[in-house]
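**Q** Below is the structure I would like to discuss, written out as structure tokens.
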Amino acid sequence: MTDGTTTGFFDSVDEVTDRLAAAGYLASTAVATTVFLADRLGKPLLVEGPAGVGKTELAKAVAEVAGARLIRLQCYEGVDEARALYEWNHAKQLLRITAGRDEGWEQARTDIFSEEFLLPRPLLTAIRGSEPTVLLIDETDKADVEVEGLLLEVLSDFQVTVPELGTITAERRPFVVLTSNATRELSEALRRRCLFLHLDFPDQELEQRIVRLRVPGLEAALAESVVKVVAALRAMELRKLPSVAETIDWARTLLALGAGSLDDALVRATLGVLLKHQEDITRAAGKLTLS
Amino acid sequence: MTTQPGLTQRLTSFVHALRANGLRVGPSETVDAAAVAEVLGLAHRERLREGLAAALLRGERQRAVFDATFDLYFPLRVGAFPLREGEPEPGAAPAADAEQLRERLAAALAAGDQARLAQLAGEAVGLLGQYGSTPGSDGYSAAQTLDRLRPEILLARVLAALREGRPAPDFTDRLTADEIRRRIQEFRGMVGTEARRRVAELRGTDRIARRAVAPTIDQIDFLYAGRDQLAELRKAVRPLSRKLATRLAARRRRASHGEIDLRRTLRRSLSTGGVPLRPAYRHRRPQRPELVLLCDVSGSVAGFADFTMLLVQALKSEFSRVRVFGFVNRMAEVTDLVGRDPGSTAERILTTAQVMGYHSNSDYGTALGEFADRHLDAVGPRTSVLVLGDARNNHRDPNLAALRAIALRARRVFWLNPEPPDLWTTGDSAALRYASVVEMHPCRNARQLGTLIERLLPV
């Protein structure tokens with residue numbers, strides 16, 4: 001059903017799981033369920049969780065299986081309306097004004113505030129498009145509070161008002177994914193507009209499947225050991241816990257080294273692939289009782 | 001609506017129970033939850049759990065409360081467990097029951113089979129957890145179940161079973177014990193859930209839901225937090241500090257975003273034929289404030305001090321200089337001791353720094369006096385001073401003059417007190433007297449600490 005309020009990419013939770021898996025994204029129950037709900041209820045999906053668990057990947061995977069174009073708004077400190085929504089091409093406008101010196105003001109005004117001088121940014125692009133779209137608003141927590149206000153307006157009605165052009169409403173709702181590392185608390189109002197998904201490190205069984213999918217040459221037994229060690233590291237008090245991306249890197253490293261099983265020397269030599277701080281490495285080596 | 005009539009009722013009671021446990025759930029969320037239930041149906045319990053969580057939750061910290069409440073309102077099953085054939089009747093011979101259960105539990109733990117563990121938790125509560133016989137005084141106790149079952153003693157058995165039949169020891173063997181310990185801990189949680197569910201059936205879900213579910217982490221009182229909760233609190237504080245840093249930076253940037261620099265704008269416009277395409281702004285160079293912390297690190301408020309220092313450590317980048325002083329009854333600089341390894345900060349300070357004199361009771365007056373005498377040069381007109389402590393002075397001289405001297409030199413002084421204001425007048429608390437000199441704020445949990453630091457600290 002596509003009555004404009006749903007994106008209509010999927011028909012069931014199982015279908016989400018299967019199609020994402022076919023695209024190389026193994027989804028947990030939580031992920032598959034919330035993706036299906038976001039699709040069916042036409043609500044933005046706010047994905048929070050530690051870095052490297054696949055928040056951005058999720059948006060990309062959904063876009064891929066739905067055959068939708070992916071529009072990405074990368075947030076950072078200082079991103080503003082002009083970067084997120086649209087801006088007028090001032091330079092071009094000035095050139096237009098200087099080129100037509102003898103025309104009247106009225107004429108010039110209608111001219112320079114027309115489509116031709118509009119620079120659509122990600123949010124406007126996503127709303128104006130008529131093809132299936134996934135809008136990824138990445139690292140929303142990095143943006144300032146004002147941008148959140150802007151997002152509120154855009155995400156609740158899926159419309160944008162450009163004073164000179166009028167209100168533009170989405171013909172076809174984009175599937176919206178917002179990601180956040182929780183460096184800053186997002187506003188209650190924004191959270192209320194969204195479905196919330198906390199994406200955490202996968203459980204061991206799922207992570208093993210992910211590793212074997214991404215690093216096909218790795219033996220099953222070694223993959224199991226790899227995931228066990230990573231799980232043990234995540235249970236420690238470390239500054240930066242290893243993410244899924246790092247598990248995969250480690251698995252690749254071990255494969256490249258031709259390792260058949262783990263031993264002290266091997267783990268010690270490759271721990272740097274998993275951990276990014278010297279003090280973490282020291283601490284982990286101690287806790288793992290590496291000789 | 002195609003939802004079953006009973007479901008709407010249950011959803012609303014569920015939402016009410018969540019609210020009673022401190023979660024902010026508005027009507028629009030309830031409507032979303034109903035839509036979720038309608039779309040998903042009731043066939044898959046875990047999907048319904050995740051779906052409702054997506055609609056009702058606004059942060060991961062609320063998840064534990066949500067899960068516990070969900071288990072009560074959408075129980076896995078109703079009534080007692082069907083006992084298997086050939087198993088003894090409940091109550092016949094508890095000792096034999098327990099041993100037989102343990103046997104199966106060991107196997108399930110070794111396999112890490114969640115479904116079997118949940119099933120066993122149910123059976124265990126039914127067999128071992130029942131107390132009382134008259135309606136009204138009877139019930140099910142998780143503590144009693146675990147006491148009789150003692151799942152911890154299975155560790156060695158499970159490890160032996162896992163090692164058996166394997167030719168060579170593997171690297172991951174050394175991790176197995178911790179892994180099994182985690183599974184046992186999880187099983188204990190399952191027993192708790194099951195006992196709550198059974199009691200809820202006897203007494204009515206709503207009453208139990210209000211009483212038996214623990215508060216969310218950021219509302220746990222600093223002074224009464226247990227060890228497990230402390231570890232959780234630490235996790236809650238860490239993102240908080242990052243968050244504050246971002247916000248402070250943003251505020252400062254906005255403050256510095258100012259007037260147009262005419263001269264630079266004109267110079268820039270030369271390249272575009274005199275048309276000022278890119279205006280240049282004059283940025284004020286931000287002054288980084290300094291921060292001095294005076295922390296009571298005595299046993300009674302050690303947990304509190306730990307967290308605040310964790311936060312301060314993270315805020316170091318925002319302040320040009322952070323200096324931390326610790327005291328019990330003597331004042332010592334502990335800046336170098338705060339850092340690297342969070343968690344045991346207070347402990348390390350107690351063992352290595354000169355914060356204690358000839359006795360181990362807090363003495364704010366002497367400590368403040370010592371600071372005013374020896375370390376006052378740490379405080380200047382750009383310095384914000386935070387005093388952290390419960391102001392329980394053991395009836396000694398509060399030495400208000402010393403605090404006044406510090407306040408005179410500093411830009412601002414705040415006192416954060418982990419006790420609620422109605423205790424400030426009781427016993428040996430000198431809180432009100434100190435509060436007459438500097439601003440004092442109650443600060444009892446991670447949430448309050450976050451709000452306070454954000455509001456108080458200068459940009």
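Order determines the names: the first chain of the structure tokens is A, the second B, and so forth; residues in each chain are numbered 1 upward, and ligands are numbered 1 upward as they are shown.
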Mind listing as a compact mmCIF listing (two decimals) with all heavy atoms, in the first residue's frame which residues of chain A are within 9 Å of chain B, counting only C-alpha atoms?

**A**
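The new file selection_26.txt reads:
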```
# COMPACT_ATOMS: atom_id res chain seq x y z
N SER A 12 6.45 -7.82 4.99
CA SER A 12 6.43 -8.49 6.29
C SER A 12 7.81 -8.40 6.93
O SER A 12 8.79 -8.06 6.26
CB SER A 12 6.06 -9.97 6.11
OG SER A 12 7.13 -10.64 5.47
N VAL A 13 7.86 -8.70 8.21
CA VAL A 13 9.14 -8.66 8.92
C VAL A 13 10.10 -9.69 8.32
O VAL A 13 11.28 -9.43 8.13
CB VAL A 13 8.94 -8.93 10.43
CG1 VAL A 13 10.27 -8.95 11.15
CG2 VAL A 13 8.02 -7.89 11.03
N THR A 29 16.29 -9.48 15.23
CA THR A 29 14.84 -9.30 15.32
C THR A 29 14.49 -7.82 15.47
O THR A 29 13.58 -7.32 14.82
CB THR A 29 14.29 -10.05 16.55
OG1 THR A 29 14.84 -11.36 16.55
CG2 THR A 29 12.78 -10.13 16.52
N ALA A 30 15.24 -7.15 16.35
CA ALA A 30 14.94 -5.74 16.61
C ALA A 30 15.07 -4.92 15.34
O ALA A 30 14.20 -4.09 15.02
CB ALA A 30 15.88 -5.20 17.68
N VAL A 31 16.15 -5.14 14.60
CA VAL A 31 16.38 -4.35 13.39
C VAL A 31 15.29 -4.62 12.35
O VAL A 31 14.67 -3.70 11.82
CB VAL A 31 17.77 -4.67 12.79
CG1 VAL A 31 17.91 -4.04 11.43
CG2 VAL A 31 18.86 -4.18 13.72
N ALA A 32 15.03 -5.91 12.08
CA ALA A 32 14.05 -6.25 11.06
C ALA A 32 12.68 -5.69 11.44
O ALA A 32 11.97 -5.12 10.60
CB ALA A 32 13.99 -7.76 10.89
N THR A 33 12.31 -5.84 12.71
CA THR A 33 10.99 -5.38 13.14
C THR A 33 10.86 -3.87 12.99
O THR A 33 9.86 -3.38 12.44
CB THR A 33 10.74 -5.76 14.61
OG1 THR A 33 11.03 -7.14 14.78
CG2 THR A 33 9.30 -5.51 14.99
N THR A 34 11.86 -3.13 13.45
CA THR A 34 11.72 -1.67 13.40
C THR A 34 11.80 -1.15 11.97
O THR A 34 11.10 -0.20 11.64
CB THR A 34 12.79 -0.97 14.25
OG1 THR A 34 14.02 -1.65 14.08
CG2 THR A 34 12.42 -0.99 15.70
N LEU A 37 8.42 -1.63 10.59
CA LEU A 37 7.46 -0.67 11.15
C LEU A 37 7.67 0.72 10.57
O LEU A 37 6.70 1.42 10.26
CB LEU A 37 7.59 -0.62 12.67
CG LEU A 37 7.02 -1.83 13.42
CD1 LEU A 37 7.38 -1.76 14.89
CD2 LEU A 37 5.51 -1.91 13.25
N ARG A 40 6.17 0.65 7.22
CA ARG A 40 4.72 0.53 7.20
C ARG A 40 4.03 1.74 7.81
O ARG A 40 3.00 2.19 7.33
CB ARG A 40 4.33 -0.76 7.95
CG ARG A 40 2.86 -1.07 7.98
CD ARG A 40 2.24 -1.03 6.59
NE ARG A 40 2.78 -2.01 5.66
CZ ARG A 40 2.29 -3.23 5.50
NH1 ARG A 40 1.30 -3.64 6.25
NH2 ARG A 40 2.80 -4.04 4.61
N LEU A 41 4.58 2.29 8.88
CA LEU A 41 3.93 3.42 9.54
C LEU A 41 4.39 4.76 8.96
O LEU A 41 3.89 5.80 9.34
CB LEU A 41 4.21 3.39 11.05
CG LEU A 41 3.77 2.13 11.79
CD1 LEU A 41 4.15 2.22 13.26
CD2 LEU A 41 2.28 1.89 11.65
N LEU A 45 13.14 6.58 11.31
CA LEU A 45 13.74 5.62 12.22
C LEU A 45 14.99 6.24 12.82
O LEU A 45 15.93 6.58 12.09
CB LEU A 45 14.08 4.34 11.46
CG LEU A 45 14.68 3.18 12.23
CD1 LEU A 45 13.75 2.73 13.34
CD2 LEU A 45 14.93 2.00 11.29
N GLU A 48 20.26 4.60 17.29
CA GLU A 48 21.31 5.04 18.19
C GLU A 48 22.17 3.85 18.56
O GLU A 48 21.69 2.71 18.56
CB GLU A 48 20.69 5.61 19.47
CG GLU A 48 21.12 7.03 19.75
CD GLU A 48 20.38 7.61 20.93
OE1 GLU A 48 20.05 6.88 21.86
OE2 GLU A 48 20.14 8.81 20.91
N GLY A 49 23.40 4.10 18.90
CA GLY A 49 24.25 2.99 19.33
C GLY A 49 25.70 3.35 19.17
O GLY A 49 26.03 4.37 18.56
N GLU A 77 29.00 19.92 13.35
CA GLU A 77 28.78 21.16 14.07
C GLU A 77 28.75 22.31 13.08
O GLU A 77 29.66 22.45 12.28
CB GLU A 77 29.94 21.40 15.05
CG GLU A 77 29.70 20.81 16.40
CD GLU A 77 30.83 21.17 17.34
OE1 GLU A 77 31.07 22.38 17.51
OE2 GLU A 77 31.47 20.26 17.86
N GLY A 78 27.71 23.09 13.12
CA GLY A 78 27.67 24.24 12.24
C GLY A 78 26.91 23.99 10.95
O GLY A 78 26.78 24.88 10.13
N HIS A 90 23.80 32.76 -4.68
CA HIS A 90 23.99 34.21 -4.65
C HIS A 90 24.88 34.70 -5.78
O HIS A 90 24.59 35.73 -6.40
CB HIS A 90 24.59 34.63 -3.31
CG HIS A 90 23.68 34.40 -2.16
ND1 HIS A 90 22.39 34.86 -2.14
CD2 HIS A 90 23.84 33.72 -1.00
CE1 HIS A 90 21.81 34.50 -1.02
NE2 HIS A 90 22.67 33.79 -0.31
N ALA A 91 25.95 33.99 -6.02
CA ALA A 91 26.89 34.44 -7.05
C ALA A 91 26.18 34.54 -8.40
O ALA A 91 26.28 35.54 -9.11
CB ALA A 91 28.05 33.48 -7.13
N LEU A 94 23.80 37.47 -8.49
CA LEU A 94 24.48 38.75 -8.68
C LEU A 94 24.88 38.92 -10.14
O LEU A 94 24.74 40.01 -10.71
CB LEU A 94 25.71 38.82 -7.78
CG LEU A 94 25.43 39.27 -6.35
CD1 LEU A 94 26.64 39.07 -5.48
CD2 LEU A 94 25.00 40.74 -6.34
N ASP A 141 23.31 13.87 16.04
CA ASP A 141 23.71 14.48 17.31
C ASP A 141 24.84 15.49 17.16
O ASP A 141 25.09 16.28 18.06
CB ASP A 141 24.11 13.39 18.31
CG ASP A 141 25.11 12.41 17.71
OD1 ASP A 141 25.15 12.29 16.48
OD2 ASP A 141 25.84 11.77 18.48
N LYS A 142 25.54 15.46 16.01
CA LYS A 142 26.62 16.42 15.82
C LYS A 142 26.08 17.79 15.43
O LYS A 142 26.75 18.80 15.57
CB LYS A 142 27.57 15.93 14.71
CG LYS A 142 28.25 14.62 15.03
CD LYS A 142 29.57 14.87 15.75
CE LYS A 142 30.07 13.61 16.43
NZ LYS A 142 30.12 12.45 15.58
N ASP A 144 23.67 21.21 15.40
CA ASP A 144 23.20 22.10 16.46
C ASP A 144 21.70 21.95 16.65
O ASP A 144 21.00 21.37 15.85
CB ASP A 144 23.51 23.56 16.11
CG ASP A 144 24.99 23.76 15.89
OD1 ASP A 144 25.77 22.99 16.47
OD2 ASP A 144 25.36 24.66 15.13
N ASN A 181 25.23 8.91 17.71
CA ASN A 181 26.13 8.23 18.66
C ASN A 181 25.85 8.66 20.08
O ASN A 181 26.62 8.37 20.98
CB ASN A 181 27.59 8.54 18.34
CG ASN A 181 28.06 7.83 17.11
OD1 ASN A 181 27.59 6.74 16.80
ND2 ASN A 181 28.97 8.45 16.39
N ALA A 182 24.79 9.41 20.25
CA ALA A 182 24.42 9.90 21.58
C ALA A 182 25.50 10.76 22.21
O ALA A 182 25.68 10.74 23.42
CB ALA A 182 24.07 8.74 22.51
N THR A 183 26.24 11.52 21.41
CA THR A 183 27.19 12.45 22.01
C THR A 183 26.43 13.63 22.61
O THR A 183 26.90 14.27 23.51
CB THR A 183 28.18 13.01 20.98
OG1 THR A 183 27.44 13.59 19.91
CG2 THR A 183 29.06 11.93 20.44
N ARG A 184 25.26 13.90 22.06
CA ARG A 184 24.42 14.95 22.62
C ARG A 184 23.02 14.39 22.66
O ARG A 184 22.61 13.64 21.78
CB ARG A 184 24.45 16.17 21.69
CG ARG A 184 23.56 17.29 22.10
CD ARG A 184 23.81 18.51 21.21
NE ARG A 184 23.42 18.29 19.82
CZ ARG A 184 22.17 18.32 19.40
NH1 ARG A 184 21.20 18.53 20.24
NH2 ARG A 184 21.85 18.11 18.13
N GLU A 185 22.28 14.73 23.70
CA GLU A 185 20.91 14.25 23.82
C GLU A 185 20.05 14.95 22.77
O GLU A 185 20.02 16.16 22.70
CB GLU A 185 20.41 14.58 25.22
CG GLU A 185 19.18 13.82 25.62
CD GLU A 185 19.48 12.37 25.96
OE1 GLU A 185 20.45 12.11 26.68
OE2 GLU A 185 18.73 11.52 25.48
N GLU A 188 13.45 15.92 22.94
CA GLU A 188 12.29 15.05 23.14
C GLU A 188 11.38 15.10 21.91
O GLU A 188 10.87 14.08 21.46
CB GLU A 188 11.49 15.54 24.36
CG GLU A 188 12.04 15.08 25.68
CD GLU A 188 11.75 13.60 25.93
OE1 GLU A 188 10.61 13.18 25.63
OE2 GLU A 188 12.65 12.90 26.38
N ARG A 191 12.65 13.04 19.10
CA ARG A 191 12.52 11.61 19.42
C ARG A 191 11.09 11.14 19.27
O ARG A 191 10.84 10.02 18.84
CB ARG A 191 13.01 11.35 20.85
CG ARG A 191 14.51 11.40 20.97
CD ARG A 191 14.95 11.38 22.41
NE ARG A 191 16.40 11.46 22.45
CZ ARG A 191 17.20 10.42 22.36
NH1 ARG A 191 16.69 9.22 22.25
NH2 ARG A 191 18.49 10.56 22.39
N ARG A 192 10.17 12.01 19.67
CA ARG A 192 8.76 11.60 19.58
C ARG A 192 8.32 11.37 18.14
O ARG A 192 7.43 10.58 17.89
CB ARG A 192 7.87 12.67 20.22
CG ARG A 192 7.39 12.29 21.59
CD ARG A 192 6.09 12.96 21.95
NE ARG A 192 6.08 14.38 21.64
CZ ARG A 192 6.61 15.32 22.41
NH1 ARG A 192 7.21 14.98 23.52
NH2 ARG A 192 6.56 16.58 22.07
N CYS A 194 9.97 9.96 15.92
CA CYS A 194 10.67 8.81 15.31
C CYS A 194 10.35 7.51 16.02
O CYS A 194 9.93 7.49 17.16
CB CYS A 194 12.18 9.02 15.38
SG CYS A 194 12.76 10.52 14.64
N LEU A 195 10.59 6.43 15.30
CA LEU A 195 10.68 5.14 15.96
C LEU A 195 12.12 5.01 16.44
O LEU A 195 13.04 5.43 15.76
CB LEU A 195 10.36 4.01 14.99
CG LEU A 195 8.90 3.89 14.57
CD1 LEU A 195 8.77 2.89 13.45
CD2 LEU A 195 8.03 3.48 15.75
N PHE A 196 12.29 4.43 17.61
CA PHE A 196 13.62 4.39 18.20
C PHE A 196 14.21 2.99 18.11
O PHE A 196 13.55 2.00 18.42
CB PHE A 196 13.52 4.82 19.67
CG PHE A 196 14.81 4.72 20.41
CD1 PHE A 196 15.80 5.67 20.20
CD2 PHE A 196 15.05 3.69 21.30
CE1 PHE A 196 17.00 5.58 20.88
CE2 PHE A 196 16.24 3.60 21.97
CZ PHE A 196 17.22 4.55 21.77
N LEU A 197 15.44 2.92 17.65
CA LEU A 197 16.12 1.63 17.61
C LEU A 197 17.49 1.78 18.24
O LEU A 197 18.29 2.61 17.79
CB LEU A 197 16.25 1.14 16.17
CG LEU A 197 17.16 -0.08 15.95
CD1 LEU A 197 16.57 -1.32 16.60
CD2 LEU A 197 17.37 -0.34 14.46
N HIS A 198 17.73 1.02 19.29
CA HIS A 198 19.09 1.01 19.83
C HIS A 198 19.82 -0.15 19.20
O HIS A 198 19.48 -1.31 19.43
CB HIS A 198 19.08 0.87 21.35
CG HIS A 198 20.44 0.90 21.94
ND1 HIS A 198 21.12 2.06 22.21
CD2 HIS A 198 21.29 -0.08 22.26
CE1 HIS A 198 22.30 1.79 22.70
NE2 HIS A 198 22.45 0.48 22.72
N SER A 225 36.08 -18.61 17.68
CA SER A 225 37.05 -18.11 18.66
C SER A 225 37.16 -16.59 18.58
O SER A 225 37.20 -15.90 19.61
CB SER A 225 38.42 -18.73 18.41
OG SER A 225 38.36 -20.12 18.49
N VAL A 226 37.23 -16.08 17.36
CA VAL A 226 37.36 -14.63 17.15
C VAL A 226 36.22 -13.90 17.86
O VAL A 226 36.43 -12.96 18.63
CB VAL A 226 37.34 -14.31 15.64
CG1 VAL A 226 37.02 -12.85 15.40
CG2 VAL A 226 38.69 -14.66 15.01
N LYS A 228 34.33 -14.97 20.23
CA LYS A 228 34.39 -15.14 21.69
C LYS A 228 35.36 -14.13 22.31
O LYS A 228 35.05 -13.53 23.34
CB LYS A 228 34.86 -16.56 22.03
CG LYS A 228 33.71 -17.53 22.21
CD LYS A 228 34.22 -18.82 22.79
CE LYS A 228 33.09 -19.85 22.81
NZ LYS A 228 33.59 -21.21 22.97
N VAL A 229 36.51 -13.97 21.69
CA VAL A 229 37.51 -13.05 22.24
C VAL A 229 36.95 -11.62 22.21
O VAL A 229 37.07 -10.87 23.18
CB VAL A 229 38.84 -13.13 21.46
CG1 VAL A 229 39.78 -12.04 21.91
CG2 VAL A 229 39.47 -14.50 21.66
N ALA A 231 33.87 -10.70 22.27
CA ALA A 231 32.82 -10.57 23.29
C ALA A 231 33.46 -10.36 24.67
O ALA A 231 32.97 -9.55 25.47
CB ALA A 231 31.94 -11.81 23.30
N ALA A 232 34.55 -11.08 24.93
CA ALA A 232 35.23 -10.92 26.22
C ALA A 232 35.79 -9.51 26.35
O ALA A 232 35.72 -8.89 27.41
CB ALA A 232 36.34 -11.96 26.35
N GLU A 237 36.31 -3.05 30.88
CA GLU A 237 36.21 -1.58 30.96
C GLU A 237 37.27 -0.98 30.05
O GLU A 237 38.41 -0.79 30.46
CB GLU A 237 36.48 -1.13 32.39
CG GLU A 237 35.33 -1.27 33.31
CD GLU A 237 34.59 0.05 33.49
OE1 GLU A 237 35.17 1.11 33.16
OE2 GLU A 237 33.43 0.00 33.90
N SER A 261 44.43 -21.32 14.25
CA SER A 261 43.77 -21.15 15.54
C SER A 261 44.48 -20.03 16.28
O SER A 261 45.56 -19.60 15.89
CB SER A 261 43.84 -22.45 16.34
OG SER A 261 45.19 -22.74 16.64
N LEU A 262 43.84 -19.58 17.36
CA LEU A 262 44.43 -18.48 18.13
C LEU A 262 45.46 -19.00 19.11
O LEU A 262 45.31 -20.08 19.67
CB LEU A 262 43.34 -17.74 18.89
CG LEU A 262 42.28 -17.01 18.05
CD1 LEU A 262 41.26 -16.35 18.98
CD2 LEU A 262 42.94 -15.97 17.17
N ASP A 263 46.52 -18.26 19.31
CA ASP A 263 47.40 -18.53 20.45
C ASP A 263 47.91 -17.21 21.00
O ASP A 263 47.67 -16.15 20.41
CB ASP A 263 48.55 -19.45 20.05
CG ASP A 263 49.40 -18.85 18.94
OD1 ASP A 263 49.85 -17.70 19.11
OD2 ASP A 263 49.60 -19.51 17.90
N ASP A 264 48.59 -17.26 22.11
CA ASP A 264 48.99 -16.04 22.81
C ASP A 264 49.75 -15.06 21.92
O ASP A 264 49.42 -13.88 21.85
CB ASP A 264 49.88 -16.40 24.01
CG ASP A 264 49.04 -16.85 25.18
OD1 ASP A 264 47.95 -17.41 24.91
OD2 ASP A 264 49.44 -16.63 26.33
N GLU A 279 46.56 1.99 26.21
CA GLU A 279 46.19 1.56 27.56
C GLU A 279 45.14 0.44 27.51
O GLU A 279 45.14 -0.45 28.36
CB GLU A 279 45.67 2.75 28.36
CG GLU A 279 44.47 3.41 27.73
CD GLU A 279 44.22 4.82 28.27
OE1 GLU A 279 44.88 5.73 27.76
OE2 GLU A 279 43.39 4.99 29.15
N LEU A 288 43.35 -10.95 29.52
CA LEU A 288 43.32 -12.19 28.74
C LEU A 288 44.46 -13.13 29.16
O LEU A 288 44.61 -14.20 28.60
CB LEU A 288 43.44 -11.90 27.25
CG LEU A 288 42.27 -11.19 26.56
CD1 LEU A 288 42.63 -10.85 25.14
CD2 LEU A 288 41.03 -12.05 26.58
N THR A 289 45.24 -12.68 30.13
CA THR A 289 46.43 -13.40 30.61
C THR A 289 47.31 -13.88 29.47
O THR A 289 47.64 -15.06 29.35
CB THR A 289 46.05 -14.63 31.50
OG1 THR A 289 45.22 -15.50 30.75
CG2 THR A 289 45.35 -14.19 32.75
```

**Q** If we count only C-alpha atoms and set the cut-off at 8 Å, which residues sit around segment 267-271 of chain A, ignoring sequence neighbours fewer than 2 positions away in its own chain? Please answer as a ChimeraX atom specification.

**A** /A:250,253,262-265,273-275,281,285,290

**Q** Determine which residues of segment 121-201 of chain B DSSP labels as strand (DSSP E) from the backbone of this structure, then write them out as an mmCIF file with N, CA, C and O atoms, in the first residue's frame.

**A**
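New file out-v4.cif:
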```cif
data_model
loop_
_atom_site.group_PDB
_atom_site.id
_atom_site.type_symbol
_atom_site.label_atom_id
_atom_site.label_comp_id
_atom_site.auth_asym_id
_atom_site.auth_seq_id
_atom_site.Cartn_x
_atom_site.Cartn_y
_atom_site.Cartn_z
ATOM 1 N N GLN B 130 8.031 -21.456 45.806
ATOM 2 C CA GLN B 130 6.723 -21.194 46.405
ATOM 3 C C GLN B 130 6.814 -21.100 47.916
ATOM 4 O O GLN B 130 7.513 -21.884 48.548
ATOM 5 N N TYR B 131 6.111 -20.132 48.481
ATOM 6 C CA TYR B 131 6.039 -20.059 49.937
ATOM 7 C C TYR B 131 4.609 -19.771 50.353
ATOM 8 O O TYR B 131 3.798 -19.296 49.556
ATOM 9 N N GLY B 139 3.023 -16.971 47.779
ATOM 10 C CA GLY B 139 3.647 -16.272 46.653
ATOM 11 C C GLY B 139 4.846 -17.043 46.142
ATOM 12 O O GLY B 139 5.065 -18.205 46.508
ATOM 13 N N TYR B 140 5.622 -16.384 45.296
ATOM 14 C CA TYR B 140 6.813 -17.000 44.735
ATOM 15 C C TYR B 140 7.983 -16.067 44.948
ATOM 16 O O TYR B 140 7.862 -14.865 44.730
#
```

**Q** As a VMD selection string, please: the residues near Arg252 of chain A (cut-off 10 Å, only C-alpha atoms, same-chain neighbours under 2 positions excluded).

**A** chain A and resid 211 214 to 218 246 to 250 254 to 258

**Q** Could you work out how far atom CA of Thr426 of chain B lies from atom CA of Phe325 of chain B, giving the answer in Å with one decimal?

**A**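 Separation of atom CA of Phe325 of chain B and atom CA of Thr426 of chain B: 26.8 Å.
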
**Q** When distances are computed from only C-alpha atoms, which of B:Ala332, B:Met356, B:Gly112, B:Arg396 shows the smallest separation from Arg374 of chain B?

**A** B:Ala332

**Q** Have a look at A:Thr140, A:Thr7, A:Thr125, A:Ser28 and name the one nearest to Ile210 of chain A; count only C-alpha atoms.

**A**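 Closest to Ile210 of chain A, using only C-alpha atoms: A:Ser28.
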
**Q** To test your reading of the structure, identify every residue in segment 69-120 of chain A that backbone DSSP assigns to alpha helix (DSSP H), and report it as a list in words.

**A**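 After running DSSP on the backbone, segment 69-120 of chain A has alpha helix (DSSP H) at Glu81, Ala82, Arg83, Ala84, His90, Ala91, Lys92, Gln93, Leu94, Leu95, Arg96, Ile97, Thr98, Ala99, Trp105, Glu106, Gln107, Ala108, Arg109, Thr110, Asp111 and Ile112 of chain A.
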
**Q** Which residues are close to Arg264 of chain B, i.e. within 10 Å by only C-alpha atoms, leaving aside same-chain residues fewer than 2 positions away? Reply as a list in words.

**A**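 Here the answer would be Ile260, Asp261, Leu262, Leu266, Arg267, Arg268, Ser269, Arg278, Pro279, Ala280, Tyr281 and Arg282 of chain B.
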
**Q** Using only N, CA, C and O atoms, please write the residues we just selected to a file, as a short mmCIF file (atom, residue, chain, number, x, y, z; two decimals), in the first residue's frame.

**A**
```cif
data_model
loop_
_atom_site.label_atom_id
_atom_site.label_comp_id
_atom_site.auth_asym_id
_atom_site.auth_seq_id
_atom_site.Cartn_x
_atom_site.Cartn_y
_atom_site.Cartn_z
N ILE B 260 30.04 41.83 11.54
CA ILE B 260 30.74 41.77 10.27
C ILE B 260 32.02 42.59 10.36
O ILE B 260 32.03 43.69 10.92
N ASP B 261 33.10 42.01 9.89
CA ASP B 261 34.36 42.72 9.85
C ASP B 261 34.43 43.47 8.52
O ASP B 261 34.68 42.88 7.48
N LEU B 262 34.18 44.78 8.57
CA LEU B 262 33.99 45.56 7.35
C LEU B 262 35.24 45.58 6.48
O LEU B 262 35.19 45.39 5.28
N LEU B 266 35.49 44.07 2.69
CA LEU B 266 35.81 44.90 1.52
C LEU B 266 37.00 44.33 0.75
O LEU B 266 36.98 44.25 -0.46
N ARG B 267 38.00 43.91 1.52
CA ARG B 267 39.19 43.38 0.87
C ARG B 267 38.83 42.13 0.07
O ARG B 267 39.28 41.93 -1.05
N ARG B 268 37.97 41.28 0.65
CA ARG B 268 37.56 40.07 -0.06
C ARG B 268 36.79 40.40 -1.33
O ARG B 268 36.88 39.70 -2.33
N SER B 269 36.00 41.49 -1.27
CA SER B 269 35.12 41.79 -2.40
C SER B 269 35.92 42.24 -3.62
O SER B 269 35.38 42.30 -4.72
N ARG B 278 31.22 37.33 -0.15
CA ARG B 278 31.45 36.56 1.07
C ARG B 278 31.77 37.50 2.21
O ARG B 278 32.89 37.99 2.32
N PRO B 279 30.80 37.80 3.04
CA PRO B 279 31.10 38.68 4.17
C PRO B 279 32.04 37.99 5.15
O PRO B 279 31.97 36.78 5.35
N ALA B 280 32.92 38.77 5.75
CA ALA B 280 33.82 38.21 6.75
C ALA B 280 33.34 38.62 8.13
O ALA B 280 32.90 39.74 8.33
N TYR B 281 33.39 37.69 9.06
CA TYR B 281 32.93 37.98 10.41
C TYR B 281 34.11 38.15 11.36
O TYR B 281 35.18 37.60 11.13
N ARG B 282 33.85 38.95 12.37
CA ARG B 282 34.88 39.10 13.38
C ARG B 282 34.62 38.10 14.50
O ARG B 282 33.54 38.09 15.08
#
```
